[in-house]
Amino acid sequence: MDKTPKSLRMHIGLFGRMNVGKSSFLNMIVGQDVSITSDVPGTTTDVVSKPMELLPIGPVVFHDTAGVDDASVLSAQRSQKTSLISDRVDIFVLIVEPDQWDDYEFAICDLARKKDVPLILVINKIDLKTPSDTFVQKMKRYATWVQEVSSRDFSRRDMFVSDFKQCLQKAYAAAHKPEPCLIGDLIPAGGIGILIVPIDLQAPKGRLILPQVQTIREALDNDAAIMVVKEREYPYFLQQLKAKPSIVICDSQVVLKMVADTPPDILCTTFSILFARYKGDLMELAKGAAVIEHLKSGDRILIAEGCSHHAIEDDIGRVKIPRWLKQYTGCDLQIDVCAGHDYPEDLAPYQLIILCGSCMLNRRETLHRITIARDKGVAITNYGLCISLTQGVLSRVLEPFEAAQALYKDAIQQRRGNDVHQRKC
């Protein structure tokens with residue numbers, strides 16, 4: 001569990017004023033000094049993230065944020081970092097001192113409500129002051145789960161940690177919605193899937209990349225078999241099978257060859273399209289892909305990568321996709337790139353946003369990006385859909401997802417109809 005990627009962990013955000021004991025609380029839960037603590041307000045100046053295994057919950061990552069009442073010169077930048085964390089946390093933990101409640105605390109409660117994220121209230125420093133009954137009852141009006149702790153009372157640490165775990169489990173269970181399948185509903189038990197896996201130059205030596213590993217694991221969990229081949233050997237091994245595979249899945253960069261080598265009666269798609277459904281909203285991303293057909297010279301496109309990496313010479317997001325887009329549309333497009341958790345606040349200049357496969361983002365952050373784009377009226381799609389469209393095979397690789405395929409086709413027809421209407425006018 002120590003090696004579980006952050007994108008597959010429960011994210012827990014610690015919020016509150018300066019000097020309420022957020023860092024001390026984190027150190028108590030983790031059982032080690034991962035955050036610097038001090039009586040000086042504002043000691044935590046940036047978000048501190050700590051992945052850990054929190055049994056019996058499993059792999060989690062805590063985010064210790066700067067104080068919401070920070071009034072220093074750098075407060076705006078720190079507030080922005082805290083806001084970015086709130087976009088991806090699964091649980092809000094608001095830490096307060098006894099009988100202290102004002103607009104700052106109201107703001108965090110309101111933020112959790114707007115993001116539809118469960119809230120746990122922790123009343124800290126009870127060794128210094130006992131919270132009044134009136135205050136505790138007031139807290140229970142704002143949050144279902146309220147816990148009283150002293151993060152510096154190590155004699156009761158086990159009790160505090162045990163109670164907090166129970167709050168986490170209940171809060172997560174109350175808000176958790178079943179995740180979409182990755183591949184489990186596409187391969188029946190006893191069936192077989194073929195994964196076409198080119199050797200990715202950006203993957204660590206001797207390893208497969210995360211989407212491929214997750215796909216294999218889910219197929220095995222559903223009692224299905226997986227054959228893993230490279231693109232050149234795929235036609236040969238396909239012919240060796242006595243029964244046709246349930247589905248063929250490939251890396252987007254070899255989608256054209258995969259489709260050409262796959263009989264029309266066999267379903268096929270790409271890893272990135274699988275992740276569009278697993279981590280995001282495949283319907284919205286399929287509809288957004290239709291915008292590519294109508295891009296014009298001067299249109300501005302945002303490539304949004306979820307990880308920060310050193311770009312190689314033929315980087316997929318920074319080189320190949322811009323090249324394929326310009327070749328397909330014949331237009332001089334303006335391409336911008338953002339990486340990691342950075343995401344522009346102003347999306348208005350863009351005609352299209354292209355997300356990566358989101359293997360390094362959790363589902364909540366991916367959906368947040370999609371929701372912002374939809375609310376701003378900006379089309380959004382992802383790498384797999386974009387690449388498949390520019391290769392002329394998007395409808396084919398959407399066949400396993402009939403509703404998304406139909407929505408994509410409808411969006412194409414609607415936009416063509418709008419273009420004809422505008423020309424007549």
# chains A, B, ... in the order shown; residues from 1 in each chain; ligands from 1
$ closest_atom_pairs --of "segment 161-240 of chain A" --to "segment 387-405 of chain A" --cutoff "12 Å" --atoms "only C-alpha atoms" --output "CSV"
residue,atom,partner,partner_atom,distance
A:Ile183,CA,A:Pro400,CA,10.5
A:Asp185,CA,A:Pro400,CA,10.1
A:Leu186,CA,A:Pro400,CA,7.6
A:Ile187,CA,A:Pro400,CA,10.8
$ residues_around --residues "Glu293 of chain A" --least-positions-apart "4" --cutoff "9 Å" --atoms "only C-alpha atoms" --output "list in words"
Ala289, Tyr328, Thr329, Leu389, Ile412 and Arg415 of chain A
$ write_last_selection --atoms "C-alpha atoms" --output "PDB file, in the first residue's frame"
ATOM      1  CA  ALA A 289     -14.481  15.778 -29.236  1.00  0.00           C
ATOM      2  CA  TYR A 328      -6.324  17.023 -39.344  1.00  0.00           C
ATOM      3  CA  THR A 329      -7.924  20.470 -39.278  1.00  0.00           C
ATOM      4  CA  LEU A 389     -10.751  11.338 -34.007  1.00  0.00           C
ATOM      5  CA  ILE A 412     -21.268  16.038 -35.126  1.00  0.00           C
ATOM      6  CA  ARG A 415     -22.658  21.182 -35.497  1.00  0.00           C
TER       7      ARG A 415
END
$ closest_atom_pairs --of "segment 212-312 of chain A" --to "segment 169-181 of chain A" --cutoff "10 Å" --atoms "only C-alpha atoms" --output "JSON lines"
{"residue": "A:Thr215", "atom": "CA", "partner": "A:Cys181", "partner_atom": "CA", "distance": 10.0}
{"residue": "A:Glu218", "atom": "CA", "partner": "A:Cys181", "partner_atom": "CA", "distance": 8.5}
{"residue": "A:Leu274", "atom": "CA", "partner": "A:Cys181", "partner_atom": "CA", "distance": 8.9}
{"residue": "A:Phe275", "atom": "CA", "partner": "A:Cys181", "partner_atom": "CA", "distance": 9.6}
{"residue": "A:Arg277", "atom": "CA", "partner": "A:Pro180", "partner_atom": "CA", "distance": 7.0}
{"residue": "A:Tyr278", "atom": "CA", "partner": "A:Pro180", "partner_atom": "CA", "distance": 5.3}
{"residue": "A:Lys279", "atom": "CA", "partner": "A:Pro180", "partner_atom": "CA", "distance": 8.0}
{"residue": "A:Gly280", "atom": "CA", "partner": "A:Pro180", "partner_atom": "CA", "distance": 9.3}
{"residue": "A:Asp281", "atom": "CA", "partner": "A:Pro180", "partner_atom": "CA", "distance": 10.0}
$ select_by_dssp --residues "segment 119-305 of chain A" --states "strand (DSSP E)" --output "ChimeraX atom specification"
/A:119-123,145-148,192-196,225-229,247-250,268-270,300-304
$ write_last_selection --atoms "C-alpha atoms" --output "mmCIF file, in the first residue's frame"
data_model
loop_
_atom_site.group_PDB
_atom_site.id
_atom_site.type_symbol
_atom_site.label_atom_id
_atom_site.label_comp_id
_atom_site.auth_asym_id
_atom_site.auth_seq_id
_atom_site.Cartn_x
_atom_site.Cartn_y
_atom_site.Cartn_z
ATOM 1 C CA LEU A 119 -17.213 17.389 6.494
ATOM 2 C CA ILE A 120 -15.706 16.252 9.794
ATOM 3 C CA LEU A 121 -15.330 18.869 12.551
ATOM 4 C CA VAL A 122 -12.450 18.374 14.978
ATOM 5 C CA ILE A 123 -12.390 20.459 18.174
ATOM 6 C CA TRP A 145 -19.318 14.013 12.558
ATOM 7 C CA VAL A 146 -17.785 16.017 15.434
ATOM 8 C CA GLN A 147 -14.765 14.863 17.442
ATOM 9 C CA GLU A 148 -13.004 16.381 20.441
ATOM 10 C CA ILE A 192 -10.413 -12.858 -22.692
ATOM 11 C CA GLY A 193 -9.212 -9.377 -23.543
ATOM 12 C CA ILE A 194 -6.192 -8.392 -25.585
ATOM 13 C CA LEU A 195 -4.060 -5.447 -24.517
ATOM 14 C CA ILE A 196 -1.809 -3.934 -27.181
ATOM 15 C CA ALA A 225 -7.982 -13.555 -18.840
ATOM 16 C CA ILE A 226 -5.679 -11.011 -20.444
ATOM 17 C CA MET A 227 -3.251 -11.399 -23.346
ATOM 18 C CA VAL A 228 -0.628 -8.649 -23.525
ATOM 19 C CA VAL A 229 1.138 -8.108 -26.857
ATOM 20 C CA ILE A 247 -12.465 -6.676 -26.428
ATOM 21 C CA VAL A 248 -9.140 -5.343 -27.686
ATOM 22 C CA ILE A 249 -7.572 -2.335 -25.957
ATOM 23 C CA CYS A 250 -4.572 -0.431 -27.216
ATOM 24 C CA CYS A 268 -12.046 -2.366 -29.473
ATOM 25 C CA THR A 269 -11.072 0.828 -27.689
ATOM 26 C CA THR A 270 -8.078 2.585 -26.088
ATOM 27 C CA ARG A 300 -6.907 28.418 -28.837
ATOM 28 C CA ILE A 301 -6.542 24.905 -27.397
ATOM 29 C CA LEU A 302 -5.484 23.938 -23.863
ATOM 30 C CA ILE A 303 -3.602 20.666 -23.335
ATOM 31 C CA ALA A 304 -4.068 19.797 -19.643
#
$ atom_distance --atom1 "atom CA of Cys167 of chain A" --atom2 "atom CA of Arg88 of chain A"
19.4 Å
$ residues_around --residues "His11 of chain A" --least-positions-apart "3" --cutoff "8 Å" --atoms "only C-alpha atoms" --output "PDB file with N, CA and C atoms, in the first residue's frame"
ATOM      1  N   VAL A  60      -4.329   6.292   2.025  1.00  0.00           N
ATOM      2  CA  VAL A  60      -4.901   7.640   2.044  1.00  0.00           C
ATOM      3  C   VAL A  60      -3.769   8.643   1.819  1.00  0.00           C
ATOM      4  N   VAL A  61      -4.132   9.891   1.586  1.00  0.00           N
ATOM      5  CA  VAL A  61      -3.147  10.969   1.580  1.00  0.00           C
ATOM      6  C   VAL A  61      -3.760  12.160   2.299  1.00  0.00           C
ATOM      7  N   PHE A  62      -3.058  12.665   3.310  1.00  0.00           N
ATOM      8  CA  PHE A  62      -3.494  13.842   4.048  1.00  0.00           C
ATOM      9  C   PHE A  62      -2.881  15.087   3.416  1.00  0.00           C
ATOM     10  N   HIS A  63      -3.659  16.172   3.375  1.00  0.00           N
ATOM     11  CA  HIS A  63      -3.169  17.464   2.895  1.00  0.00           C
ATOM     12  C   HIS A  63      -3.322  18.479   4.018  1.00  0.00           C
ATOM     13  N   ARG A  88      -9.748  18.380  -5.013  1.00  0.00           N
ATOM     14  CA  ARG A  88      -9.531  16.942  -5.157  1.00  0.00           C
ATOM     15  C   ARG A  88      -9.696  16.135  -3.878  1.00  0.00           C
ATOM     16  N   VAL A  89     -10.017  16.793  -2.741  1.00  0.00           N
ATOM     17  CA  VAL A  89     -10.155  16.012  -1.513  1.00  0.00           C
ATOM     18  C   VAL A  89     -11.511  15.307  -1.466  1.00  0.00           C
ATOM     19  N   ASP A  90     -11.504  14.120  -0.863  1.00  0.00           N
ATOM     20  CA  ASP A  90     -12.724  13.325  -0.685  1.00  0.00           C
ATOM     21  C   ASP A  90     -13.393  13.608   0.656  1.00  0.00           C
ATOM     22  N   ILE A  91     -12.608  14.096   1.619  1.00  0.00           N
ATOM     23  CA  ILE A  91     -13.115  14.414   2.957  1.00  0.00           C
ATOM     24  C   ILE A  91     -12.536  15.759   3.399  1.00  0.00           C
TER      25      ILE A  91
END
